[in-house]
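A short worksheet on the structure shown next.
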Amino acid sequence: MVYDPFKHASSDRTLSAPPSAFDYMKDKVFRSFAYCCALAIILLVTYIVFELGSQALPAIKTYGLGFVTGTTWDANQREFGVLPEIWGTLYSSLIALAIGGVLGVGIAIFLTQSFVHAKLELVFRTIIELLAAIPSVVYGLWGIYVLIPLLRPVAQWFYETLGWFPFFGTELSGPGLAPASLVLAIMILPTVAAISADAFQRIPYKVKEAAYGMGATKWEVILKVMLPTASSGILAGLVLGFGRALGETMALAMLIGNVNNISLSLFAPANTLASLLASTFPEAGEIEVQALMYAALVLLAITFIVNIAGLAVQQYAMRKFEGKK
Amino acid sequence: MTSLSDTGEFIAKKYEPKGPVVLDCQINNIYYGNFRAVRDSHVPIEKNKVTGFIGPSGCGKSTVLRSMNRMNDLIESFRFDGSIQYHSNDIYGKKVDPVVVRRYIGMVFQLPNPFSMSIYDNVAFGLRLNGFKGDEEEMVVQALKRAAIWDDVKDKLKNSGLSLSGGQQQRLCIARAIATEPDVLLMDEPCSALDPIATRQVEELMVELKEHYSVALVTHNMQQATRVADVTAFLGVDISQGGRTGYLVEMDDTQKIFEDPQQLLTQQYVRGEFS
């Protein structure tokens, strides 16, 4: 029985009663279920890391940290290094984050600050969310058949007129960083836009009202008040988008050129860790698979660090703007 | 004594202002979509006075106040029929940008709404918006002192405005509103979230403010109206036409409204017979 010393002591007319034993049981079951779910995720991640680690162990022992600084990937010579892939992964993701981030936040502002009628906002939002549903391989094909031919004359012009500038230092021969990063930007756009739009929507009406009440114009309201208020949510969207860009595989494997090359040029072919994994795995021998597992671990570590750093920046923004501890 | 005021045809006796008028509000109708929120109310806001608005819930006090700096323009279905003369220009005139109106006619809202930025930046916001070139820090400190919050925040001006308690936030919002020294200050139940001590401080501020500016104050608290308002407008609710339409019942010197009201409805309200 549920312990309740108050029932007898209180007035006869009271309808107050303690929760039943069944209520307590439901409470307990639900709580254990929630704990189990959380635990399952932790176990799963630990297991993946453990499994990757144990398969990569021979490679880790052989190549050590030289793996991260090496620049050759040659299965015949048994020489493995992923510095070009780390560079390509970070470089392409950063470009994608810059383009997709600006566009995504811009779209979020457009969708939430009553620029168009509410019904039209919904239409736009649905279209943008649809972008997230397009399979990665379709983006890859689109990149090959539409984007690269479109980019070629533009890239040629940049190369010829601004070739002295490191970003435009090479010709675009086909696949390369520029088409890959542009497609990545489009792919992370829905994530950034949706999460930023939610952040804007969560801002209480009274804040907007206060800003307009001070005599701010629409742009002043958005840039000086709404943007800092939504900043922690926007940052969350950017971190998720960046994470997605780091791990994106199929479209990049099709578009980036898969060449071990460290170059600042946007038109040079390059490679990323995920793309290396996807394109090398099918024909890899035992030793090379071990090296690939090591590369996967490196990618996991990069993603982990980026997420932690993103979280720290987000916490900082929350403290600074929202006064939260 | 008349109780004509319930019939939907009643129009209040015109209040004759004794001094110069800063905002001459002639409201014929205010609509939200098809809903008529306020009708036939002429409420002149006199210069260097506190004009109080009292009345039962839903009588349109806030709607009237928010019409005075075009805050209601943010609501799409809002429609204003009438005119509000400010320095002999209609603020609802075709060429007038609501943004300009709001720079001269400031507002303090019912719920505290500081921005997600530091306490200092909150107060400096209006100064920067208006391109103030003088000593910004001095103006910020002065505004914080006048809003009776300086002692609470002087050591943490860099902290977020949202880290303050509700009552402190409201005083911060008052500091933000008065930092730019607006010509007219509209206050929509500014003390409803404040404790009695802070309320008293804000009331003293209102009295001090009216030396240079004009204040329009919506309040639910009749004692507050008697303490700070020079002139009081009493708005009633007209339910004769289906909806709940607010209208001016009586406007006069505060003392007259509370001691010798001419309308039965006013008398009942100030006696506390309904609210």
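Ordering of the structure tokens sets the chain letters (A, B, ...); residue numbers start at 1 within each chain; ligands are numbered from 1 in the order shown.
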Non-local contacts of segment 215-218 of chain B (7 Å; only C-alpha atoms; under 5 positions in same chain excluded) as a list in words: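 Within the cut-off, the hits are Lys49, Val50, Thr51, Gly52, Phe53, Ile54, Lys61, Ser62, Val184, Leu185, Leu186, Met187, Asp188, Glu189 and Lys210 of chain B.
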Neighbour list for segment 190-198 of chain B as JSON, numbers by chain, cut-off 6 Å, only C-alpha atoms, skip fewer than 3 positions in-chain: {"B": [110, 167, 187, 201]}
Interface residues on chain B facing chain A, 10 Å, only C-alpha atoms, written as JSON, numbers by chain: {"B": [66, 69, 70, 71, 72, 74, 97, 98, 99, 100, 101, 102, 103, 104, 105, 106, 107, 108, 109, 110, 111, 112, 113, 114, 115, 116, 117, 118, 122, 125, 126, 127, 129, 130, 158, 159, 160, 161, 162, 163, 164, 173, 176, 177, 180, 182]}
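Non-sequential neighbours of Glu129 of chain A (distance at most 10 Å, separation of 3 or more positions within a chain, only C-alpha atoms) are A:Val123, A:Phe124, A:Arg125, A:Thr126, A:Ala132, A:Ala133, A:Ile134, A:Leu189, A:Pro190, A:Thr191, A:Ala193, A:Ala194.
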All alpha helix (DSSP H) positions in segment 39-172 of chain B, as a PyMOL selection string: chain B and resi 61-67+98-104+119-129+136-146+150-153+166-172
Neighbour list for Val138 of chain A as JSON, numbers by chain, cut-off 12 Å, only C-alpha atoms, skip fewer than 4 positions in-chain: {"A": [131, 132, 133, 134, 142, 143, 144, 145, 146, 183, 187, 250, 251, 252, 254, 255]}
Interatomic distance (Å, one decimal) between atom CA of Phe80 of chain A and atom CA of Leu184 of chain A: 26.6 Å
